[in-house]
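A.B. asks: The structure file protein_0.pdb (PDB, C-alpha atoms, pLDDT in the B column) is provided below.
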```pdb
MODEL        1
ATOM      1  CA  ASP A 176      -6.875  14.134 -14.700  1.00 63.00           C
ATOM      2  CA  GLY A 177      -8.027  10.879 -13.170  1.00 70.00           C
ATOM      3  CA  GLY A 178      -6.910  10.120  -9.694  1.00 92.00           C
ATOM      4  CA  ILE A 179      -7.666   9.494  -6.071  1.00 95.00           C
ATOM      5  CA  THR A 180      -7.922  12.434  -3.696  1.00 95.00           C
ATOM      6  CA  GLN A 181      -7.686  12.451   0.052  1.00 96.00           C
ATOM      7  CA  SER A 182      -8.450  15.428   2.231  1.00 90.00           C
ATOM      8  CA  PRO A 183      -7.272  17.013   4.355  1.00 91.00           C
ATOM      9  CA  LYS A 184      -3.543  16.318   4.160  1.00 92.00           C
ATOM     10  CA  TYR A 185      -3.043  17.086   7.850  1.00 94.00           C
ATOM     11  CA  LEU A 186      -5.686  16.730  10.535  1.00 94.00           C
ATOM     12  CA  PHE A 187      -5.617  17.379  14.239  1.00 93.00           C
ATOM     13  CA  ARG A 188      -8.177  15.929  16.607  1.00 91.00           C
ATOM     14  CA  LYS A 189      -8.799  16.195  20.288  1.00 91.00           C
ATOM     15  CA  GLU A 190      -9.052  13.030  22.278  1.00 90.00           C
ATOM     16  CA  GLY A 191     -12.616  11.788  22.518  1.00 89.00           C
ATOM     17  CA  GLN A 192     -13.722  13.279  19.204  1.00 92.00           C
ATOM     18  CA  ASN A 193     -14.719  11.446  16.063  1.00 94.00           C
ATOM     19  CA  VAL A 194     -13.172  12.607  12.785  1.00 94.00           C
ATOM     20  CA  THR A 195     -13.920  11.709   9.167  1.00 95.00           C
ATOM     21  CA  LEU A 196     -11.270  11.387   6.470  1.00 96.00           C
ATOM     22  CA  SER A 197     -12.368  11.946   2.897  1.00 96.00           C
ATOM     23  CA  CYS A 198     -11.429   9.770  -0.089  1.00 97.00           C
ATOM     24  CA  GLU A 199     -12.714  10.407  -3.616  1.00 97.00           C
ATOM     25  CA  GLN A 200     -11.712   8.738  -6.882  1.00 97.00           C
ATOM     26  CA  ASN A 201     -12.660   9.476 -10.473  1.00 96.00           C
ATOM     27  CA  LEU A 202     -11.006   6.388 -11.945  1.00 93.00           C
ATOM     28  CA  ASN A 203     -14.300   4.482 -12.146  1.00 92.00           C
ATOM     29  CA  HIS A 204     -12.782   1.838  -9.874  1.00 90.00           C
ATOM     30  CA  ASP A 205     -15.067  -0.658  -8.173  1.00 89.00           C
ATOM     31  CA  ALA A 206     -12.867  -1.507  -5.197  1.00 89.00           C
ATOM     32  CA  MET A 207     -11.647   0.905  -2.529  1.00 92.00           C
ATOM     33  CA  TYR A 208      -9.500   0.431   0.566  1.00 93.00           C
ATOM     34  CA  TRP A 209      -8.270   2.173   3.683  1.00 96.00           C
ATOM     35  CA  TYR A 210      -4.821   1.453   5.076  1.00 95.00           C
ATOM     36  CA  ARG A 211      -3.016   2.745   8.105  1.00 96.00           C
ATOM     37  CA  GLN A 212       0.764   3.267   8.102  1.00 94.00           C
ATOM     38  CA  ASP A 213       2.844   3.583  11.276  1.00 92.00           C
ATOM     39  CA  PRO A 214       6.621   4.053  11.534  1.00 84.00           C
ATOM     40  CA  GLY A 215       8.453   0.749  11.286  1.00 78.00           C
ATOM     41  CA  GLN A 216       5.329  -1.138  10.266  1.00 80.00           C
ATOM     42  CA  GLY A 217       3.878  -2.094   6.947  1.00 84.00           C
ATOM     43  CA  LEU A 218       0.572  -0.794   5.666  1.00 91.00           C
ATOM     44  CA  ARG A 219      -2.293  -2.445   7.509  1.00 93.00           C
ATOM     45  CA  LEU A 220      -5.764  -2.855   6.043  1.00 92.00           C
ATOM     46  CA  ILE A 221      -8.596  -1.208   7.968  1.00 96.00           C
ATOM     47  CA  TYR A 222     -11.623  -1.633   5.698  1.00 95.00           C
ATOM     48  CA  TYR A 223     -12.256  -2.447   2.077  1.00 92.00           C
ATOM     49  CA  SER A 224     -15.182  -2.258  -0.300  1.00 92.00           C
ATOM     50  CA  GLN A 225     -15.642  -4.323  -3.445  1.00 88.00           C
ATOM     51  CA  ILE A 226     -18.733  -2.520  -4.633  1.00 89.00           C
ATOM     52  CA  VAL A 227     -21.129   0.252  -3.723  1.00 93.00           C
ATOM     53  CA  ASN A 228     -23.167  -0.337  -0.560  1.00 95.00           C
ATOM     54  CA  ASP A 229     -20.858  -3.139   0.555  1.00 93.00           C
ATOM     55  CA  PHE A 230     -17.759  -3.118   2.726  1.00 94.00           C
ATOM     56  CA  GLN A 231     -15.765  -5.556   4.819  1.00 92.00           C
ATOM     57  CA  LYS A 232     -13.509  -5.327   7.851  1.00 94.00           C
ATOM     58  CA  GLY A 233      -9.791  -5.600   7.305  1.00 92.00           C
ATOM     59  CA  ASP A 234      -7.176  -6.616   9.821  1.00 90.00           C
ATOM     60  CA  ILE A 235      -7.509  -3.634  12.188  1.00 95.00           C
ATOM     61  CA  ALA A 236     -11.115  -2.410  11.898  1.00 96.00           C
ATOM     62  CA  GLU A 237     -11.765  -1.800  15.589  1.00 96.00           C
ATOM     63  CA  GLY A 238     -12.454   1.865  16.316  1.00 96.00           C
ATOM     64  CA  TYR A 239     -13.126   2.725  12.666  1.00 97.00           C
ATOM     65  CA  SER A 240     -16.219   2.911  10.488  1.00 97.00           C
ATOM     66  CA  VAL A 241     -16.814   3.454   6.766  1.00 98.00           C
ATOM     67  CA  SER A 242     -19.596   3.923   4.252  1.00 97.00           C
ATOM     68  CA  ARG A 243     -19.804   3.371   0.491  1.00 97.00           C
ATOM     69  CA  GLU A 244     -22.917   5.145  -0.710  1.00 97.00           C
ATOM     70  CA  LYS A 245     -21.340   6.228  -3.992  1.00 97.00           C
ATOM     71  CA  LYS A 246     -18.832   4.486  -6.227  1.00 96.00           C
ATOM     72  CA  GLU A 247     -16.537   7.505  -6.100  1.00 97.00           C
ATOM     73  CA  SER A 248     -16.430   7.980  -2.347  1.00 98.00           C
ATOM     74  CA  PHE A 249     -15.239   5.910   0.621  1.00 98.00           C
ATOM     75  CA  PRO A 250     -14.991   8.053   3.768  1.00 98.00           C
ATOM     76  CA  LEU A 251     -13.347   6.718   6.912  1.00 97.00           C
ATOM     77  CA  THR A 252     -14.459   7.773  10.390  1.00 97.00           C
ATOM     78  CA  VAL A 253     -11.952   7.423  13.198  1.00 96.00           C
ATOM     79  CA  THR A 254     -14.027   7.118  16.325  1.00 94.00           C
ATOM     80  CA  SER A 255     -13.152   7.864  19.927  1.00 90.00           C
ATOM     81  CA  ALA A 256     -12.997   4.100  20.473  1.00 88.00           C
ATOM     82  CA  GLN A 257      -9.761   3.883  18.456  1.00 90.00           C
ATOM     83  CA  LYS A 258      -7.079   3.655  21.141  1.00 89.00           C
ATOM     84  CA  ASN A 259      -4.131   4.914  19.140  1.00 91.00           C
ATOM     85  CA  PRO A 260      -5.404   6.925  16.172  1.00 93.00           C
ATOM     86  CA  THR A 261      -2.318   9.018  15.413  1.00 95.00           C
ATOM     87  CA  ALA A 262      -1.042   7.645  12.085  1.00 95.00           C
ATOM     88  CA  PHE A 263      -0.746   8.186   8.351  1.00 95.00           C
ATOM     89  CA  TYR A 264      -3.928   7.033   6.602  1.00 97.00           C
ATOM     90  CA  LEU A 265      -3.890   5.951   2.977  1.00 96.00           C
ATOM     91  CA  CYS A 266      -6.875   5.375   0.750  1.00 96.00           C
ATOM     92  CA  ALA A 267      -6.562   3.243  -2.369  1.00 94.00           C
ATOM     93  CA  SER A 268      -8.696   2.020  -5.227  1.00 92.00           C
ATOM     94  CA  SER A 269      -8.423  -0.679  -7.862  1.00 88.00           C
ATOM     95  CA  MET A 270     -10.246  -1.503 -11.058  1.00 82.00           C
ATOM     96  CA  GLY A 271     -11.370  -4.911  -9.994  1.00 71.00           C
ATOM     97  CA  TRP A 272     -11.491  -7.305  -7.150  1.00 61.00           C
ATOM     98  CA  ASP A 273     -10.691 -10.583  -8.829  1.00 60.00           C
ATOM     99  CA  GLY A 274      -6.999 -10.177  -9.294  1.00 57.00           C
ATOM    100  CA  GLY A 275      -4.880 -10.392 -12.398  1.00 59.00           C
ATOM    101  CA  GLN A 276      -2.984  -7.807 -14.355  1.00 57.00           C
ATOM    102  CA  GLY A 277      -4.350  -4.310 -14.251  1.00 60.00           C
ATOM    103  CA  THR A 278      -5.939  -4.641 -10.846  1.00 71.00           C
ATOM    104  CA  GLU A 279      -3.153  -3.055  -8.865  1.00 83.00           C
ATOM    105  CA  ALA A 280      -4.145  -0.559  -6.212  1.00 86.00           C
ATOM    106  CA  PHE A 281      -3.661   3.182  -6.747  1.00 90.00           C
ATOM    107  CA  PHE A 282      -3.098   5.247  -3.629  1.00 94.00           C
ATOM    108  CA  GLY A 283      -4.116   8.728  -2.581  1.00 95.00           C
ATOM    109  CA  GLN A 284      -1.631  11.184  -1.069  1.00 93.00           C
ATOM    110  CA  GLY A 285      -2.619  10.281   2.473  1.00 95.00           C
ATOM    111  CA  THR A 286      -3.937  12.085   5.537  1.00 96.00           C
ATOM    112  CA  ARG A 287      -1.703  12.483   8.554  1.00 95.00           C
ATOM    113  CA  LEU A 288      -3.908  12.416  11.642  1.00 95.00           C
ATOM    114  CA  THR A 289      -2.593  13.646  14.967  1.00 95.00           C
ATOM    115  CA  VAL A 290      -4.530  13.370  18.207  1.00 91.00           C
ATOM    116  CA  VAL A 291      -3.767  16.233  20.572  1.00 87.00           C
TER     117      VAL A 291
ATOM    118  CA  GLY B 260       2.769 -10.461  13.062  1.00 49.00           C
ATOM    119  CA  GLN B 261       2.909 -10.237   9.313  1.00 60.00           C
ATOM    120  CA  ASN B 262       4.548 -13.204   7.581  1.00 89.00           C
ATOM    121  CA  ILE B 263       6.348 -11.142   5.021  1.00 94.00           C
ATOM    122  CA  ASP B 264       9.912  -9.976   5.464  1.00 95.00           C
ATOM    123  CA  GLN B 265      12.244  -7.535   3.766  1.00 96.00           C
ATOM    124  CA  PRO B 266      15.403  -5.722   4.900  1.00 96.00           C
ATOM    125  CA  THR B 267      14.863  -2.486   6.785  1.00 95.00           C
ATOM    126  CA  GLU B 268      17.544  -0.412   5.094  1.00 96.00           C
ATOM    127  CA  MET B 269      19.950  -0.580   2.174  1.00 98.00           C
ATOM    128  CA  THR B 270      22.519   1.813   0.776  1.00 98.00           C
ATOM    129  CA  ALA B 271      23.839   1.859  -2.790  1.00 97.00           C
ATOM    130  CA  THR B 272      25.860   4.075  -5.085  1.00 97.00           C
ATOM    131  CA  GLU B 273      24.503   6.154  -7.947  1.00 97.00           C
ATOM    132  CA  GLY B 274      24.802   4.237 -11.223  1.00 97.00           C
ATOM    133  CA  ALA B 275      25.040   0.856  -9.505  1.00 98.00           C
ATOM    134  CA  ILE B 276      22.596  -2.054  -9.302  1.00 98.00           C
ATOM    135  CA  VAL B 277      20.729  -3.005  -6.135  1.00 98.00           C
ATOM    136  CA  GLN B 278      18.574  -6.012  -5.311  1.00 98.00           C
ATOM    137  CA  ILE B 279      15.896  -5.804  -2.612  1.00 98.00           C
ATOM    138  CA  ASN B 280      14.684  -9.170  -1.365  1.00 98.00           C
ATOM    139  CA  CYS B 281      11.300 -10.137   0.009  1.00 98.00           C
ATOM    140  CA  THR B 282      10.245 -13.438   1.531  1.00 97.00           C
ATOM    141  CA  TYR B 283       6.734 -14.439   2.470  1.00 96.00           C
ATOM    142  CA  GLN B 284       4.645 -17.303   3.778  1.00 94.00           C
ATOM    143  CA  THR B 285       0.989 -17.623   2.901  1.00 89.00           C
ATOM    144  CA  SER B 286      -1.618 -19.966   1.507  1.00 86.00           C
ATOM    145  CA  GLY B 287      -3.813 -18.933  -1.392  1.00 82.00           C
ATOM    146  CA  PHE B 288      -1.096 -16.802  -2.945  1.00 87.00           C
ATOM    147  CA  ASN B 289      -2.407 -14.696  -5.812  1.00 84.00           C
ATOM    148  CA  GLY B 290       0.323 -12.273  -6.766  1.00 89.00           C
ATOM    149  CA  LEU B 291       3.244 -10.224  -5.494  1.00 93.00           C
ATOM    150  CA  PHE B 292       3.456  -6.440  -5.821  1.00 93.00           C
ATOM    151  CA  TRP B 293       6.234  -3.905  -5.433  1.00 96.00           C
ATOM    152  CA  TYR B 294       5.514  -0.277  -4.633  1.00 96.00           C
ATOM    153  CA  GLN B 295       7.791   2.737  -4.261  1.00 97.00           C
ATOM    154  CA  GLN B 296       7.040   5.314  -1.576  1.00 95.00           C
ATOM    155  CA  HIS B 297       8.818   8.619  -1.055  1.00 94.00           C
ATOM    156  CA  ALA B 298       8.591  10.081   2.435  1.00 89.00           C
ATOM    157  CA  GLY B 299       5.157  11.518   3.201  1.00 85.00           C
ATOM    158  CA  GLU B 300       3.785  10.540  -0.194  1.00 89.00           C
ATOM    159  CA  ALA B 301       1.540   7.878  -1.657  1.00 90.00           C
ATOM    160  CA  PRO B 302       2.975   4.503  -2.654  1.00 93.00           C
ATOM    161  CA  THR B 303       3.228   4.153  -6.424  1.00 94.00           C
ATOM    162  CA  PHE B 304       2.940   0.849  -8.242  1.00 93.00           C
ATOM    163  CA  LEU B 305       6.139  -0.588  -9.713  1.00 95.00           C
ATOM    164  CA  SER B 306       5.553  -4.204 -10.643  1.00 93.00           C
ATOM    165  CA  TYR B 307       3.391  -7.284 -10.329  1.00 91.00           C
ATOM    166  CA  ASN B 308       4.318 -10.990 -10.514  1.00 93.00           C
ATOM    167  CA  VAL B 309       1.917 -13.883 -10.302  1.00 89.00           C
ATOM    168  CA  LEU B 310       3.919 -16.536 -12.187  1.00 92.00           C
ATOM    169  CA  ASP B 311       7.506 -17.580 -11.558  1.00 96.00           C
ATOM    170  CA  GLY B 312      10.161 -15.661 -13.376  1.00 97.00           C
ATOM    171  CA  LEU B 313      11.408 -12.212 -14.164  1.00 96.00           C
ATOM    172  CA  GLU B 314       9.325  -9.216 -15.196  1.00 93.00           C
ATOM    173  CA  GLU B 315      11.313  -6.322 -16.673  1.00 94.00           C
ATOM    174  CA  LYS B 316      10.115  -2.725 -16.865  1.00 89.00           C
ATOM    175  CA  GLY B 317      12.857  -0.342 -17.879  1.00 93.00           C
ATOM    176  CA  ARG B 318      15.374   0.096 -15.070  1.00 96.00           C
ATOM    177  CA  PHE B 319      13.241  -1.978 -12.698  1.00 96.00           C
ATOM    178  CA  SER B 320      12.823  -5.754 -12.758  1.00 97.00           C
ATOM    179  CA  SER B 321      11.023  -8.065 -10.375  1.00 97.00           C
ATOM    180  CA  PHE B 322      11.473 -11.784  -9.855  1.00 98.00           C
ATOM    181  CA  LEU B 323       9.198 -14.340  -8.221  1.00 97.00           C
ATOM    182  CA  SER B 324       9.679 -17.904  -7.033  1.00 97.00           C
ATOM    183  CA  ARG B 325       6.418 -19.222  -5.630  1.00 95.00           C
ATOM    184  CA  SER B 326       7.886 -22.499  -4.386  1.00 95.00           C
ATOM    185  CA  LYS B 327      10.443 -20.578  -2.315  1.00 96.00           C
ATOM    186  CA  GLY B 328       8.119 -17.773  -1.232  1.00 96.00           C
ATOM    187  CA  TYR B 329      10.674 -15.328  -2.551  1.00 97.00           C
ATOM    188  CA  SER B 330      10.728 -12.214  -4.659  1.00 98.00           C
ATOM    189  CA  TYR B 331      13.249  -9.529  -5.423  1.00 98.00           C
ATOM    190  CA  LEU B 332      13.179  -6.081  -6.971  1.00 98.00           C
ATOM    191  CA  LEU B 333      16.216  -5.195  -9.069  1.00 98.00           C
ATOM    192  CA  LEU B 334      17.009  -1.554  -9.703  1.00 97.00           C
ATOM    193  CA  LYS B 335      19.617  -0.769 -12.356  1.00 97.00           C
ATOM    194  CA  GLU B 336      21.515   2.453 -13.141  1.00 97.00           C
ATOM    195  CA  LEU B 337      20.545   3.887  -9.798  1.00 98.00           C
ATOM    196  CA  GLN B 338      19.653   7.560  -9.629  1.00 97.00           C
ATOM    197  CA  MET B 339      19.426   9.829  -6.610  1.00 97.00           C
ATOM    198  CA  LYS B 340      15.662  10.043  -7.080  1.00 96.00           C
ATOM    199  CA  ASP B 341      15.457   6.287  -6.434  1.00 98.00           C
ATOM    200  CA  SER B 342      16.074   7.007  -2.742  1.00 98.00           C
ATOM    201  CA  ALA B 343      12.759   5.892  -1.249  1.00 97.00           C
ATOM    202  CA  SER B 344      11.045   3.102   0.629  1.00 96.00           C
ATOM    203  CA  TYR B 345      10.233  -0.014  -1.407  1.00 97.00           C
ATOM    204  CA  LEU B 346       7.224  -1.986  -0.270  1.00 96.00           C
ATOM    205  CA  CYS B 347       6.663  -5.640  -1.010  1.00 96.00           C
ATOM    206  CA  ALA B 348       3.091  -6.961  -0.755  1.00 93.00           C
ATOM    207  CA  TYR B 349       1.344 -10.226  -1.530  1.00 92.00           C
ATOM    208  CA  ARG B 350      -2.246 -10.809  -2.471  1.00 86.00           C
ATOM    209  CA  THR B 351      -4.208 -13.808  -1.276  1.00 80.00           C
ATOM    210  CA  GLY B 352      -7.314 -15.558  -2.426  1.00 67.00           C
ATOM    211  CA  GLY B 353      -9.695 -14.260  -5.047  1.00 60.00           C
ATOM    212  CA  GLY B 354      -9.758 -10.738  -3.820  1.00 63.00           C
ATOM    213  CA  ASN B 355      -7.447  -7.781  -3.857  1.00 69.00           C
ATOM    214  CA  LYS B 356      -6.466  -7.705  -0.188  1.00 77.00           C
ATOM    215  CA  LEU B 357      -2.792  -6.937   0.117  1.00 84.00           C
ATOM    216  CA  THR B 358      -0.460  -7.802   2.984  1.00 88.00           C
ATOM    217  CA  PHE B 359       2.487  -5.433   3.073  1.00 91.00           C
ATOM    218  CA  GLY B 360       5.996  -5.819   4.395  1.00 92.00           C
ATOM    219  CA  THR B 361       7.490  -3.057   6.515  1.00 92.00           C
ATOM    220  CA  GLY B 362       9.346  -1.606   3.548  1.00 94.00           C
ATOM    221  CA  THR B 363      13.025  -1.279   2.666  1.00 97.00           C
ATOM    222  CA  GLN B 364      14.455   2.227   2.926  1.00 96.00           C
ATOM    223  CA  LEU B 365      16.932   2.619   0.068  1.00 98.00           C
ATOM    224  CA  LYS B 366      19.494   5.389   0.190  1.00 97.00           C
ATOM    225  CA  VAL B 367      21.354   6.200  -3.009  1.00 98.00           C
ATOM    226  CA  GLU B 368      24.679   7.969  -2.474  1.00 97.00           C
ATOM    227  CA  LEU B 369      27.094   9.709  -4.825  1.00 93.00           C
TER     228      LEU B 369
ENDMDL
END
```
Turn this file's structure into structure tokens for me.

C.D. replies:
Amino acid sequence: DGGITQSPKYLFRKEGQNVTLSCEQNLNHDAMYWYRQDPGQGLRLIYYSQIVNDFQKGDIAEGYSVSREKKESFPLTVTSAQKNPTAFYLCASSMGWDGGQGTEAFFGQGTRLTVV
Amino acid sequence: GQNIDQPTEMTATEGAIVQINCTYQTSGFNGLFWYQQHAGEAPTFLSYNVLDGLEEKGRFSSFLSRSKGYSYLLLKELQMKDSASYLCAYRTGGGNKLTFGTGTQLKVEL
């Protein structure tokens, strides 16, 4: 089955440690995204990538880093510089970048990160 | 903050019709999306509007008025499983960056 997979579902991190969240898709989608979701707030864009070996900062990129070495994979690293990392992280992918019908984003199941 | 607004909560009765409104302000508008999200799960795509008017998909319909910066999601024949958060999001420019509202938590009661 085609889809987008995030792992792990729950993740605990000690303050001061970096942690990497995995996102893999087998939908052959060009574009991939990372969003953060906090209670009472909408999804906020962290980073996005239109194509392999290219990525751009979203609205809240500080304290995060990404890579896009393969079309299928877009891992997100939450660094110790992120002041408030506890949140629900959602990865998404879409067929294209240029808009129009059929370019809606498909989301993974999310990773809930807790800093302890 | 985000310039997209939708009600925080709504309650409706099983079998009824409910309308969830969304207003937004942006330049370079390039489409309006609705997603459904059950607690702790991924958002799932419901509908997309880029031109004015009504798009119907089974029990769900979505309307857009670009001049008013307004959209609504209409859910008919409500079922208990429709209890979820409904997210409105607009796309700007030539890319696929989405700006999301905070979501409307819909509770369907017997």

A.B. asks: Nearest to chain A among B:Met269, B:Ile276, B:Ala348, B:Ala343, with distances taken over all atoms listed in the file: which residue is it?

C.D. replies: B:Ala348

A.B. asks: For A:Phe263, which residue among A:Leu196, A:Leu202, A:Val241, A:Leu288 is the nearest when counting all atoms listed in the file?

C.D. replies: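 Distance minimum relative to A:Phe263 lands on A:Leu288.
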
A.B. asks: Find the distance between atom CA of A:Ser255 and atom CA of A:Gln231 and write it in Å to one decimal.

C.D. replies: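 Result for atom CA of A:Ser255 versus atom CA of A:Gln231: 20.4 Å, one decimal.
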
A.B. asks: Could you tell me how far atom CA of A:Asp229 sits from atom CA of A:Glu247, in Å to one decimal place?

C.D. replies: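 Straight-line distance from atom CA of A:Glu247 to atom CA of A:Asp229 works out to 13.3 Å.
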
A.B. asks: Kindly indicate which residue among A:Ser224, A:Gln284, A:Thr278, A:Ser240 lies nearest to A:Thr254, using all atoms listed in the file for the distances.

C.D. replies: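 Checking each candidate against A:Thr254, we get A:Ser240 as the closest.
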
A.B. asks: Mind dumping a table of every chain A residue within 9 Å of chain B, with the nearest atom pair and its distance in Å to one decimal, using all atoms listed in the file, sorted by chain and rising number, as JSON lines?

C.D. replies:
```
{"residue": "A:Ala206", "atom": "CA", "partner": "B:Asn355", "partner_atom": "CA", "distance": 8.4}
{"residue": "A:Tyr208", "atom": "CA", "partner": "B:Lys356", "partner_atom": "CA", "distance": 8.7}
{"residue": "A:Pro214", "atom": "CA", "partner": "B:Thr361", "partner_atom": "CA", "distance": 8.7}
{"residue": "A:Gly215", "atom": "CA", "partner": "B:Thr361", "partner_atom": "CA", "distance": 6.2}
{"residue": "A:Gln216", "atom": "CA", "partner": "B:Thr361", "partner_atom": "CA", "distance": 4.7}
{"residue": "A:Gly217", "atom": "CA", "partner": "B:Thr361", "partner_atom": "CA", "distance": 3.8}
{"residue": "A:Leu218", "atom": "CA", "partner": "B:Phe359", "partner_atom": "CA", "distance": 5.6}
{"residue": "A:Arg219", "atom": "CA", "partner": "B:Phe359", "partner_atom": "CA", "distance": 7.2}
{"residue": "A:Leu220", "atom": "CA", "partner": "B:Leu357", "partner_atom": "CA", "distance": 7.8}
{"residue": "A:Tyr223", "atom": "CA", "partner": "B:Lys356", "partner_atom": "CA", "distance": 8.1}
{"residue": "A:Gln225", "atom": "CA", "partner": "B:Gly354", "partner_atom": "CA", "distance": 8.7}
{"residue": "A:Gly233", "atom": "CA", "partner": "B:Lys356", "partner_atom": "CA", "distance": 8.5}
{"residue": "A:Phe263", "atom": "CA", "partner": "B:Gly299", "partner_atom": "CA", "distance": 8.5}
{"residue": "A:Leu265", "atom": "CA", "partner": "B:Ala301", "partner_atom": "CA", "distance": 7.4}
{"residue": "A:Ser269", "atom": "CA", "partner": "B:Asn355", "partner_atom": "CA", "distance": 8.2}
{"residue": "A:Gly271", "atom": "CA", "partner": "B:Asn355", "partner_atom": "CA", "distance": 7.8}
{"residue": "A:Trp272", "atom": "CA", "partner": "B:Gly354", "partner_atom": "CA", "distance": 5.1}
{"residue": "A:Asp273", "atom": "CA", "partner": "B:Gly354", "partner_atom": "CA", "distance": 5.1}
{"residue": "A:Gly274", "atom": "CA", "partner": "B:Asn355", "partner_atom": "CA", "distance": 6.0}
{"residue": "A:Gly275", "atom": "CA", "partner": "B:Gly290", "partner_atom": "CA", "distance": 7.9}
{"residue": "A:Gln276", "atom": "CA", "partner": "B:Tyr307", "partner_atom": "CA", "distance": 7.6}
{"residue": "A:Thr278", "atom": "CA", "partner": "B:Asn355", "partner_atom": "CA", "distance": 7.8}
{"residue": "A:Glu279", "atom": "CA", "partner": "B:Phe304", "partner_atom": "CA", "distance": 7.3}
{"residue": "A:Ala280", "atom": "CA", "partner": "B:Phe304", "partner_atom": "CA", "distance": 7.5}
{"residue": "A:Phe281", "atom": "CA", "partner": "B:Thr303", "partner_atom": "CA", "distance": 7.0}
{"residue": "A:Phe282", "atom": "CA", "partner": "B:Ala301", "partner_atom": "CA", "distance": 5.7}
{"residue": "A:Gly283", "atom": "CA", "partner": "B:Ala301", "partner_atom": "CA", "distance": 5.8}
{"residue": "A:Gln284", "atom": "CA", "partner": "B:Ala301", "partner_atom": "CA", "distance": 4.6}
{"residue": "A:Gly285", "atom": "CA", "partner": "B:Ala301", "partner_atom": "CA", "distance": 6.3}
{"residue": "A:Arg287", "atom": "CA", "partner": "B:Gly299", "partner_atom": "CA", "distance": 8.8}
```

A.B. asks: Could you give me the centre and size, in Å to one decimal, of an axis-aligned box around all listed atoms of stretch 274-279 of chain B with 4 Å added on every side, as JSON?

C.D. replies:
```
{"center_x": 20.5, "center_y": -0.9, "center_z": -6.9, "size_x": 17.1, "size_y": 18.2, "size_z": 16.6}
```

A.B. asks: With a distance cut-off of 10 Å and all atoms listed in the file, select the neighbouring residues of B:Gly312, excluding the residue or stretch itself and same-chain residues fewer than 4 positions from it, and output the selection as a PyMOL selection string.

C.D. replies: chain B and resi 308+321-325+330

A.B. asks: Restricted to C-alpha atoms, what would the selected residues look like written as an mmCIF file, keeping the file's coordinate frame?

C.D. replies:
```cif
data_model
loop_
_atom_site.group_PDB
_atom_site.id
_atom_site.type_symbol
_atom_site.label_atom_id
_atom_site.label_comp_id
_atom_site.auth_asym_id
_atom_site.auth_seq_id
_atom_site.Cartn_x
_atom_site.Cartn_y
_atom_site.Cartn_z
ATOM 1 C CA ASN B 308 4.318 -10.990 -10.514
ATOM 2 C CA SER B 321 11.023 -8.065 -10.375
ATOM 3 C CA PHE B 322 11.473 -11.784 -9.855
ATOM 4 C CA LEU B 323 9.198 -14.340 -8.221
ATOM 5 C CA SER B 324 9.679 -17.904 -7.033
ATOM 6 C CA ARG B 325 6.418 -19.222 -5.630
ATOM 7 C CA SER B 330 10.728 -12.214 -4.659
#
```

A.B. asks: Any chance you could resolve the PyMOL selection byres ((chain B and resi 332-341) around 9) against this file and give the residues as a PDB file with C-alpha atoms, keeping the file's coordinate frame?

C.D. replies:
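Output contents, as saved in expr01.pdb:
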```
ATOM      1  CA  ALA B 271      23.839   1.859  -2.790  1.00 97.00           C
ATOM      2  CA  THR B 272      25.860   4.075  -5.085  1.00 97.00           C
ATOM      3  CA  GLU B 273      24.503   6.154  -7.947  1.00 97.00           C
ATOM      4  CA  GLY B 274      24.802   4.237 -11.223  1.00 97.00           C
ATOM      5  CA  ALA B 275      25.040   0.856  -9.505  1.00 98.00           C
ATOM      6  CA  ILE B 276      22.596  -2.054  -9.302  1.00 98.00           C
ATOM      7  CA  VAL B 277      20.729  -3.005  -6.135  1.00 98.00           C
ATOM      8  CA  GLN B 278      18.574  -6.012  -5.311  1.00 98.00           C
ATOM      9  CA  ILE B 279      15.896  -5.804  -2.612  1.00 98.00           C
ATOM     10  CA  ASN B 280      14.684  -9.170  -1.365  1.00 98.00           C
ATOM     11  CA  CYS B 281      11.300 -10.137   0.009  1.00 98.00           C
ATOM     12  CA  TRP B 293       6.234  -3.905  -5.433  1.00 96.00           C
ATOM     13  CA  GLN B 295       7.791   2.737  -4.261  1.00 97.00           C
ATOM     14  CA  HIS B 297       8.818   8.619  -1.055  1.00 94.00           C
ATOM     15  CA  SER B 306       5.553  -4.204 -10.643  1.00 93.00           C
ATOM     16  CA  GLY B 317      12.857  -0.342 -17.879  1.00 93.00           C
ATOM     17  CA  ARG B 318      15.374   0.096 -15.070  1.00 96.00           C
ATOM     18  CA  PHE B 319      13.241  -1.978 -12.698  1.00 96.00           C
ATOM     19  CA  SER B 320      12.823  -5.754 -12.758  1.00 97.00           C
ATOM     20  CA  SER B 321      11.023  -8.065 -10.375  1.00 97.00           C
ATOM     21  CA  PHE B 322      11.473 -11.784  -9.855  1.00 98.00           C
ATOM     22  CA  SER B 330      10.728 -12.214  -4.659  1.00 98.00           C
ATOM     23  CA  TYR B 331      13.249  -9.529  -5.423  1.00 98.00           C
ATOM     24  CA  SER B 342      16.074   7.007  -2.742  1.00 98.00           C
ATOM     25  CA  ALA B 343      12.759   5.892  -1.249  1.00 97.00           C
ATOM     26  CA  SER B 344      11.045   3.102   0.629  1.00 96.00           C
ATOM     27  CA  TYR B 345      10.233  -0.014  -1.407  1.00 97.00           C
ATOM     28  CA  CYS B 347       6.663  -5.640  -1.010  1.00 96.00           C
ATOM     29  CA  LEU B 365      16.932   2.619   0.068  1.00 98.00           C
ATOM     30  CA  LYS B 366      19.494   5.389   0.190  1.00 97.00           C
ATOM     31  CA  VAL B 367      21.354   6.200  -3.009  1.00 98.00           C
ATOM     32  CA  GLU B 368      24.679   7.969  -2.474  1.00 97.00           C
ATOM     33  CA  LEU B 369      27.094   9.709  -4.825  1.00 93.00           C
TER      34      LEU B 369
END
```

A.B. asks: Suppose you want the space between atom CA of A:Ala262 and atom CA of A:Glu199; what is it in Å?

C.D. replies: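 Computing the Euclidean distance for atom CA of A:Ala262 and atom CA of A:Glu199 yields 19.8 Å.
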